[in-house]
$ cat coords39.txt   # compact mmCIF, C-alpha atoms
# COMPACT_ATOMS: atom_id res chain seq x y z
CA MET J 1 -13.05 11.61 8.97
CA GLU J 2 -16.15 9.86 7.70
CA ASN J 3 -17.37 6.79 9.52
CA GLN J 4 -15.80 4.37 7.03
CA ASN J 5 -13.52 1.40 7.53
CA TYR J 6 -10.89 1.80 4.83
CA ASP J 7 -9.47 -1.64 5.59
CA ASP J 8 -12.52 -3.06 3.81
CA ALA J 9 -13.94 -2.64 0.33
CA ILE J 10 -16.54 0.14 0.24
CA GLU J 11 -19.63 0.03 -1.98
CA VAL J 12 -19.82 3.53 -3.51
CA ALA J 13 -22.76 2.73 -5.84
CA PRO J 14 -24.90 -0.40 -6.23
CA GLY J 15 -22.50 -3.20 -7.18
CA ILE J 16 -19.52 -0.82 -7.53
CA PHE J 17 -16.79 -1.09 -4.90
CA TRP J 18 -13.75 0.99 -4.01
CA VAL J 19 -11.01 -1.59 -3.40
CA GLY J 20 -8.06 0.73 -2.88
CA PHE J 21 -5.32 1.12 -0.31
CA TYR J 22 -5.63 3.88 2.26
CA ASP J 23 -2.35 5.22 3.65
CA LYS J 24 -2.88 7.99 6.18
CA ASP J 25 0.66 9.28 5.52
CA ALA J 26 0.21 9.55 1.74
CA THR J 27 -1.09 12.54 -0.19
CA PHE J 28 -1.75 10.53 -3.35
CA THR J 29 -4.39 7.85 -2.82
CA CYS J 30 -4.92 5.28 -5.60
CA ASN J 31 -8.43 4.00 -6.26
CA PRO J 32 -9.03 0.68 -8.04
CA TYR J 33 -12.72 -0.12 -8.49
CA LEU J 34 -14.61 -3.40 -8.86
CA ILE J 35 -17.90 -3.70 -10.76
CA VAL J 36 -19.96 -6.76 -9.83
CA ASP J 37 -22.67 -7.66 -12.33
CA GLY J 38 -24.37 -10.89 -11.32
CA ASP J 39 -21.84 -13.69 -11.72
CA GLU J 40 -19.45 -11.46 -13.68
CA ALA J 41 -17.00 -8.85 -12.40
CA VAL J 42 -14.79 -6.18 -13.95
CA LEU J 43 -11.74 -4.72 -12.19
CA ILE J 44 -10.88 -1.15 -13.17
CA ASP J 45 -7.28 0.10 -12.78
CA CYS J 46 -6.05 -2.79 -10.63
CA GLY J 47 -3.19 -0.87 -9.03
CA SER J 48 0.49 -1.07 -8.21
CA LEU J 49 2.75 -3.87 -7.01
CA ALA J 50 3.07 -2.20 -3.62
CA HIS J 51 -0.70 -2.14 -3.09
CA PHE J 52 -1.43 -5.57 -4.56
CA PRO J 53 -1.83 -7.58 -1.32
CA ILE J 54 -4.43 -5.20 0.08
CA VAL J 55 -6.30 -4.65 -3.19
CA ALA J 56 -6.37 -8.38 -3.91
CA ARG J 57 -7.69 -9.16 -0.42
CA LYS J 58 -10.55 -6.73 -0.93
CA VAL J 59 -11.36 -7.89 -4.46
CA PHE J 60 -11.35 -11.61 -3.65
CA GLY J 61 -13.32 -10.99 -0.49
CA ILE J 62 -16.18 -9.98 -2.79
CA VAL J 63 -15.82 -12.22 -5.85
CA SER J 64 -14.00 -15.39 -6.77
CA PRO J 65 -11.14 -15.05 -9.26
CA SER J 66 -13.06 -16.89 -11.96
CA GLN J 67 -15.81 -14.23 -11.92
CA ILE J 68 -13.48 -11.53 -13.23
CA SER J 69 -13.84 -11.39 -17.01
CA HIS J 70 -12.05 -8.10 -17.75
CA LEU J 71 -9.25 -5.95 -16.36
CA VAL J 72 -9.75 -2.35 -17.50
CA PHE J 73 -6.76 -0.02 -17.87
CA GLN J 74 -7.80 3.56 -18.52
CA HIS J 75 -4.21 4.58 -19.19
CA MET J 76 -0.77 3.02 -18.95
CA ASP J 77 0.91 4.27 -15.75
CA PRO J 78 2.34 1.75 -13.23
CA ASP J 79 0.22 3.01 -10.34
CA LEU J 80 -2.76 1.40 -12.08
CA CYS J 81 -1.14 -1.29 -14.28
CA ALA J 82 1.81 -2.83 -12.47
CA ALA J 83 -0.22 -5.46 -10.61
CA LEU J 84 -1.59 -6.80 -13.90
CA PRO J 85 0.52 -10.01 -14.03
CA LEU J 86 -0.29 -10.89 -10.42
CA PHE J 87 -4.03 -10.54 -10.95
CA LYS J 88 -3.80 -12.39 -14.25
CA ASP J 89 -2.10 -15.36 -12.58
CA ILE J 90 -4.69 -15.58 -9.81
CA ILE J 91 -7.68 -15.15 -12.13
CA ASP J 92 -6.22 -17.77 -14.48
CA ARG J 93 -8.91 -17.53 -17.15
CA PRO J 94 -7.80 -18.14 -20.75
CA ASP J 95 -10.53 -15.75 -21.92
CA LEU J 96 -9.54 -12.92 -19.52
CA LYS J 97 -9.45 -9.68 -21.49
CA MET J 98 -7.40 -6.54 -20.90
CA VAL J 99 -9.47 -3.50 -21.87
CA ALA J 100 -7.42 -0.55 -23.08
CA HIS J 101 -7.05 1.90 -25.94
CA TRP J 102 -4.59 0.62 -28.53
CA ARG J 103 -2.10 3.40 -27.73
CA SER J 104 -2.08 2.24 -24.12
CA SER J 105 -2.06 -1.48 -24.89
CA MET J 106 1.26 -1.12 -26.73
CA ILE J 107 2.89 -0.05 -23.44
CA ILE J 108 0.77 -2.16 -21.07
CA SER J 109 1.99 -5.31 -22.82
CA TYR J 110 5.42 -4.67 -21.24
CA TYR J 111 4.02 -5.25 -17.75
CA SER J 112 3.73 -8.98 -18.41
CA THR J 113 5.92 -11.72 -19.83
CA ASP J 114 2.78 -13.45 -21.14
CA LYS J 115 0.94 -12.60 -24.31
CA LEU J 116 -2.06 -10.54 -23.24
CA ASN J 117 -5.56 -10.80 -24.68
CA PHE J 118 -6.50 -7.17 -25.35
CA TYR J 119 -9.97 -5.84 -25.98
CA ASN J 120 -9.86 -2.49 -27.75
CA PRO J 121 -13.15 -0.59 -27.30
CA GLU J 122 -12.50 1.60 -30.34
CA LYS J 123 -12.73 -1.53 -32.50
CA ASN J 124 -16.00 -2.56 -30.85
CA GLY J 125 -18.23 0.47 -31.25
CA GLY J 126 -16.64 2.16 -28.23
CA ILE J 127 -18.33 -0.21 -25.79
CA LEU J 128 -17.69 -3.18 -23.55
CA LYS J 129 -20.87 -5.25 -23.20
CA LEU J 130 -21.08 -7.65 -20.29
CA ALA J 131 -22.88 -11.00 -20.35
CA SER J 132 -26.00 -9.45 -18.80
CA GLY J 133 -26.16 -6.83 -21.55
CA ARG J 134 -24.82 -4.08 -19.27
CA VAL J 135 -22.79 -1.54 -21.24
CA LEU J 136 -19.57 0.14 -20.21
CA ARG J 137 -18.85 2.89 -22.71
CA ALA J 138 -15.31 4.09 -23.44
CA ILE J 139 -15.15 7.90 -23.42
CA PRO J 140 -12.06 9.38 -25.14
CA ALA J 141 -9.87 11.43 -22.81
CA HIS J 142 -6.71 11.52 -24.90
CA TYR J 143 -3.65 13.42 -23.60
CA LEU J 144 -5.22 13.74 -20.14
CA HIS J 145 -2.52 12.93 -19.37
CA THR J 146 -1.47 10.18 -21.82
CA PRO J 147 -2.41 9.85 -25.52
CA GLY J 148 -4.36 6.63 -24.97
CA THR J 149 -6.41 7.69 -21.95
CA ILE J 150 -10.06 6.64 -21.84
CA ASN J 151 -12.80 6.87 -19.23
CA MET J 152 -15.34 4.10 -18.71
CA TYR J 153 -18.98 5.12 -18.30
CA ASP J 154 -21.31 2.60 -16.68
CA GLU J 155 -24.66 3.18 -18.38
CA LYS J 156 -26.56 1.21 -15.73
CA ASN J 157 -25.50 3.21 -12.67
CA LYS J 158 -24.50 6.38 -14.55
CA VAL J 159 -21.03 6.31 -13.03
CA LEU J 160 -18.04 7.73 -14.91
CA PHE J 161 -14.64 6.31 -14.00
CA THR J 162 -12.35 9.22 -14.82
CA SER J 163 -8.79 7.90 -14.57
CA ASP J 164 -6.49 10.81 -13.58
CA ILE J 165 -9.08 13.46 -14.40
CA PHE J 166 -10.83 14.90 -11.32
CA ALA J 167 -7.89 13.65 -9.23
CA ALA J 168 -6.43 15.57 -6.31
CA PHE J 169 -3.62 15.53 -3.79
CA THR J 170 -5.45 14.92 -0.51
CA PRO J 171 -3.29 14.87 2.65
CA GLU J 172 -6.44 14.41 4.74
CA TRP J 173 -8.20 11.89 2.53
CA GLU J 174 -11.80 10.78 2.69
CA ILE J 175 -13.46 8.49 0.18
CA PHE J 176 -16.22 10.97 -0.69
CA ALA J 177 -15.35 14.51 -1.76
CA ASP J 178 -16.64 17.49 0.20
CA ALA J 179 -17.24 21.12 -0.79
CA SER J 180 -13.51 21.92 -0.58
CA TYR J 181 -12.62 19.32 -3.21
CA PRO J 182 -12.90 21.43 -6.40
CA GLU J 183 -10.00 23.63 -5.28
CA LYS J 184 -8.04 20.59 -4.07
CA MET J 185 -7.90 19.39 -7.69
CA ARG J 186 -5.93 22.45 -8.83
CA LEU J 187 -2.36 21.41 -7.96
CA PHE J 188 -2.65 17.98 -9.55
CA HIS J 189 -4.29 19.17 -12.75
CA GLU J 190 -2.22 22.26 -13.38
CA ASN J 191 0.97 20.21 -13.11
CA TYR J 192 -0.09 17.01 -14.90
CA MET J 193 -2.51 18.07 -17.63
CA PRO J 194 -1.19 19.73 -20.79
CA SER J 195 -3.65 22.35 -21.98
CA SER J 196 -6.98 24.09 -21.45
CA GLU J 197 -7.97 23.34 -25.05
CA ILE J 198 -7.68 19.58 -24.52
CA MET J 199 -9.35 19.72 -21.12
CA ASN J 200 -12.30 21.79 -22.34
CA GLU J 201 -12.87 19.46 -25.29
CA TYR J 202 -13.09 16.59 -22.79
CA LEU J 203 -15.39 18.50 -20.44
CA ASN J 204 -17.76 19.29 -23.29
CA ARG J 205 -17.82 15.59 -24.16
CA ILE J 206 -18.79 14.42 -20.68
CA LYS J 207 -21.40 17.17 -20.23
CA ALA J 208 -23.50 15.21 -22.72
CA LEU J 209 -23.59 12.23 -20.33
CA ASP J 210 -26.11 11.66 -17.55
CA ILE J 211 -23.70 11.28 -14.62
CA GLU J 212 -24.59 10.44 -11.04
CA MET J 213 -21.04 9.91 -9.76
CA LEU J 214 -17.41 10.49 -10.78
CA CYS J 215 -14.85 7.91 -9.68
CA PRO J 216 -11.30 9.16 -10.22
CA GLN J 217 -8.23 6.98 -9.86
CA HIS J 218 -6.73 9.39 -7.33
CA GLY J 219 -8.40 11.60 -4.76
CA SER J 220 -12.02 11.16 -3.72
CA VAL J 221 -15.27 9.90 -5.22
CA ILE J 222 -17.43 12.82 -6.39
CA GLN J 223 -21.15 12.53 -5.76
CA LYS J 224 -23.90 14.16 -7.82
CA GLU J 225 -24.10 17.50 -5.99
CA LEU J 226 -20.40 18.23 -6.56
CA ILE J 227 -20.15 17.18 -10.21
CA SER J 228 -21.00 20.61 -11.67
CA PRO J 229 -18.71 22.52 -9.26
CA CYS J 230 -15.86 20.16 -10.12
CA ILE J 231 -16.43 20.49 -13.88
CA ASN J 232 -16.51 24.28 -13.51
CA ALA J 233 -13.28 24.19 -11.51
CA LEU J 234 -11.48 22.16 -14.18
CA ALA J 235 -12.66 24.61 -16.83
CA GLY J 236 -10.90 27.44 -14.99
CA PHE J 237 -7.50 25.94 -14.13
CA GLU J 238 -4.24 26.89 -15.87
CA TYR J 239 -2.71 23.80 -17.47
CA GLY J 240 0.80 22.89 -18.62
CA LYS J 241 2.45 24.93 -15.88
CA PHE J 242 5.77 23.06 -16.12
CA ILE J 243 6.38 24.13 -19.72
CA ASN J 244 8.48 27.16 -18.75
CA GLU J 245 10.39 25.51 -15.89

$ encode --input "coords39.txt" --output "C-alpha cells"
Amino acid sequence: MENQNYDDAIEVAPGIFWVGFYDKDATFTCNPYLIVDGDEAVLIDCGSLAHFPIVARKVFGIVSPSQISHLVFQHMDPDLCAALPLFKDIIDRPDLKMVAHWRSSMIISYYSTDKLNFYNPEKNGGILKLASGRVLRAIPAHYLHTPGTINMYDEKNKVLFTSDIFAAFTPEWEIFADASYPEKMRLFHENYMPSSEIMNEYLNRIKALDIEMLCPQHGSVIQKELISPCINALAGFEYGKFINE
C-alpha cells in the first residue's frame, strides 16, 4: 500500500482534497472531494449517512463550515447524497447552493425536509463560477448511470470529477490508480452502465478536454499517465450485461 494515511484528508491536486472513508474490508470505496479556493470551498458528492462522521471531520479540519458555498451532487444516489441534510445543518448558510442537474435535483430534494436552494448549471451556461472567477464546468454524462448525471471539470487544475464513471471495485484499495486499474474498472462498468453507444458519446466529449487527473466517486484517483489507457478500456467494455438475466 502507498505511504498514505487514509485517516486524514489527502491533497490529490493543489487545493483539491480526497475526504473519503477508507474501509479495508470494503470493495467499494466512496470518494467525496473538497475544493478549496481562497476563502471559498466546494464539497463534491458529500457521501452517505454511514460515512458522515469521518467525512465531516476531514472536511472541517480543512475549512470552517461558513466557507462552503456549494454542495455538488453529480447524480442522485444515496452513497453521495444522503449526508446532505447533516452538512446543510452544520454549514448553516442561507445562501448555500446545491449544484445538480434538474433531473437529479427532483430526487435529491427528497433527502431533506427543508426547501433546498438548487443551482442548475444547465440554466447558467453550463458553469459554476466561484467568487475568485474560477470555473467549474458541468459536463453532461447522462444515463451513466442515471439520466441526470453530470461531471464537474475544474478549469484551473484541469481535474475532471467523474461521478460513477471510471469507478472500480477495488478489494485492495489505494488512493492513486496503478497500471492494473483499467481492467479493474470492467466489472463495475459492465454491470452498471447501460450501453456502448452512450459511453462512447461521453468519451468523445471528454476527449476534447485538457485533463490532468480523473477523480471518480468510487475506486481510485487516475493520474495523467493512466488517463488514455482508462479511456481506451472503457471504449472496449461490454455494457448492459444484466439485460438478459

$ residues_around --input "coords39.txt" --residues "Gly148 in chain J" --least-positions-apart "6" --cutoff "6 Å" --atoms "only C-alpha atoms" --output "PyMOL selection string"
chain J and resi 101+103-104+142

$ atom_distance --input "coords39.txt" --atom1 "CA of Ala167 in chain J" --atom2 "CA of Ser105 in chain J"
22.5 Å

$ axis_aligned_box --input "coords39.txt" --around "range 203-215 of chain J" --padding-each-side "6 Å" --output "AutoDock Vina command-line options"
--center_x -20.5 --center_y 13.6 --center_z -16.9 --size_x 23.3 --size_y 23.4 --size_z 26.5

$ closest_residue --input "coords39.txt" --among "J:Ile206, J:Lys88, J:Val55, J:Ala9" --to "Asp114 in chain J" --atoms "only C-alpha atoms"
J:Lys88

$ atom_distance --input "coords39.txt" --atom1 "CA of Asn117 in chain J" --atom2 "CA of Asn151 in chain J"
19.9 Å

$ residues_around --input "coords39.txt" --residues "range 185-195 of chain J" --least-positions-apart "6" --cutoff "6 Å" --atoms "only C-alpha atoms" --output "VMD selection string"
chain J and resid 144 to 145 167 to 168 238 to 241

$ atom_distance --input "coords39.txt" --atom1 "CA of His70 in chain J" --atom2 "CA of Gly47 in chain J"
14.4 Å

$ residues_around --input "coords39.txt" --residues "Asp210 in chain J" --least-positions-apart "4" --cutoff "10 Å" --atoms "all atoms listed in the file" --output "list of chain:residue names"
J:Tyr153, J:Glu155, J:Asn157, J:Lys158, J:Val159, J:Leu160, J:Ile206

$ residues_near_point --input "coords39.txt" --point "(-23.4, -3.6, -16.5)" --cutoff "10 Å" --atoms "all atoms listed in the file" --output "ChimeraX atom specification"
/J:15,35-38,40-42,128-136,153-157

$ closest_atom_pairs --input "coords39.txt" --of "range 119-197 of chain J" --to "range 90-100 of chain J" --cutoff "10 Å" --atoms "all atoms listed in the file" --output "CSV"
residue,atom,partner,partner_atom,distance
J:Tyr119,CA,J:Val99,CA,4.8
J:Asn120,CA,J:Ala100,CA,5.6
J:Pro121,CA,J:Ala100,CA,7.1
J:Glu122,CA,J:Ala100,CA,9.1
J:Leu128,CA,J:Val99,CA,8.4
J:Ala138,CA,J:Ala100,CA,9.2
J:Gly148,CA,J:Ala100,CA,8.0
J:Thr149,CA,J:Ala100,CA,8.4
J:Ile150,CA,J:Ala100,CA,7.8
J:Asn151,CA,J:Ala100,CA,9.9

$ residues_around --input "coords39.txt" --residues "Ala56 in chain J" --least-positions-apart "6" --cutoff "9 Å" --atoms "only C-alpha atoms" --output "list in words"
Val19, Cys46 and Phe87 of chain J

$ write_last_selection --input "coords39.txt" --atoms "C-alpha atoms" --output "PDB file, in the frame of the given file"
ATOM      1  CA  VAL J  19     -11.010  -1.590  -3.400  1.00  0.00           C
ATOM      2  CA  CYS J  46      -6.050  -2.790 -10.630  1.00  0.00           C
ATOM      3  CA  PHE J  87      -4.030 -10.540 -10.950  1.00  0.00           C
TER       4      PHE J  87
END

$ build_atoms --input "coords39.txt" --residues "range 36-63 of chain J" --atoms "N, CA and C atoms" --output "short mmCIF file (atom, residue, chain, number, x, y, z; two decimals), in the coordinates of the input"
data_model
loop_
_atom_site.label_atom_id
_atom_site.label_comp_id
_atom_site.auth_asym_id
_atom_site.auth_seq_id
_atom_site.Cartn_x
_atom_site.Cartn_y
_atom_site.Cartn_z
N VAL J 36 -19.39 -5.41 -9.92
CA VAL J 36 -19.96 -6.76 -9.83
C VAL J 36 -21.31 -6.75 -10.52
N ASP J 37 -21.45 -7.61 -11.53
CA ASP J 37 -22.67 -7.66 -12.33
C ASP J 37 -23.15 -9.10 -12.38
N GLY J 38 -23.95 -9.49 -11.40
CA GLY J 38 -24.37 -10.89 -11.32
C GLY J 38 -23.18 -11.78 -11.03
N ASP J 39 -22.96 -12.76 -11.89
CA ASP J 39 -21.84 -13.69 -11.72
C ASP J 39 -20.56 -13.19 -12.38
N GLU J 40 -20.60 -12.01 -12.97
CA GLU J 40 -19.45 -11.46 -13.68
C GLU J 40 -18.92 -10.24 -12.93
N ALA J 41 -17.61 -10.01 -13.05
CA ALA J 41 -17.00 -8.85 -12.40
C ALA J 41 -15.95 -8.24 -13.32
N VAL J 42 -15.77 -6.94 -13.18
CA VAL J 42 -14.79 -6.18 -13.95
C VAL J 42 -13.96 -5.37 -12.96
N LEU J 43 -12.64 -5.46 -13.07
CA LEU J 43 -11.74 -4.72 -12.19
C LEU J 43 -11.15 -3.56 -12.98
N ILE J 44 -11.33 -2.35 -12.47
CA ILE J 44 -10.88 -1.15 -13.17
C ILE J 44 -9.64 -0.59 -12.49
N ASP J 45 -8.55 -0.48 -13.26
CA ASP J 45 -7.28 0.10 -12.78
C ASP J 45 -6.81 -0.64 -11.53
N CYS J 46 -6.27 -1.85 -11.74
CA CYS J 46 -6.05 -2.79 -10.63
C CYS J 46 -4.97 -2.36 -9.66
N GLY J 47 -4.11 -1.43 -10.01
CA GLY J 47 -3.19 -0.87 -9.03
C GLY J 47 -1.74 -1.29 -9.19
N SER J 48 -0.96 -0.91 -8.19
CA SER J 48 0.49 -1.07 -8.21
C SER J 48 0.92 -2.39 -7.56
N LEU J 49 2.21 -2.71 -7.71
CA LEU J 49 2.75 -3.87 -7.01
C LEU J 49 2.71 -3.67 -5.51
N ALA J 50 3.02 -2.47 -5.05
CA ALA J 50 3.07 -2.20 -3.62
C ALA J 50 1.71 -2.40 -2.95
N HIS J 51 0.63 -2.07 -3.66
CA HIS J 51 -0.70 -2.14 -3.09
C HIS J 51 -1.40 -3.47 -3.36
N PHE J 52 -0.76 -4.35 -4.12
CA PHE J 52 -1.43 -5.57 -4.56
C PHE J 52 -2.01 -6.41 -3.43
N PRO J 53 -1.25 -6.70 -2.34
CA PRO J 53 -1.83 -7.58 -1.32
C PRO J 53 -3.14 -7.07 -0.73
N ILE J 54 -3.22 -5.76 -0.53
CA ILE J 54 -4.43 -5.20 0.08
C ILE J 54 -5.57 -5.15 -0.93
N VAL J 55 -5.26 -4.71 -2.15
CA VAL J 55 -6.30 -4.65 -3.19
C VAL J 55 -6.83 -6.04 -3.48
N ALA J 56 -5.94 -7.01 -3.61
CA ALA J 56 -6.37 -8.38 -3.91
C ALA J 56 -7.24 -8.94 -2.79
N ARG J 57 -6.87 -8.68 -1.53
CA ARG J 57 -7.69 -9.16 -0.42
C ARG J 57 -9.11 -8.61 -0.50
N LYS J 58 -9.22 -7.34 -0.85
CA LYS J 58 -10.55 -6.73 -0.93
C LYS J 58 -11.34 -7.28 -2.11
N VAL J 59 -10.68 -7.40 -3.27
CA VAL J 59 -11.36 -7.89 -4.46
C VAL J 59 -11.87 -9.31 -4.24
N PHE J 60 -10.98 -10.20 -3.76
CA PHE J 60 -11.35 -11.61 -3.65
C PHE J 60 -12.12 -11.90 -2.37
N GLY J 61 -12.35 -10.88 -1.56
CA GLY J 61 -13.32 -10.99 -0.49
C GLY J 61 -14.74 -10.76 -0.98
N ILE J 62 -14.86 -10.25 -2.21
CA ILE J 62 -16.18 -9.98 -2.79
C ILE J 62 -16.54 -10.99 -3.87
N VAL J 63 -15.57 -11.30 -4.73
CA VAL J 63 -15.82 -12.22 -5.85
C VAL J 63 -14.73 -13.28 -5.88
#
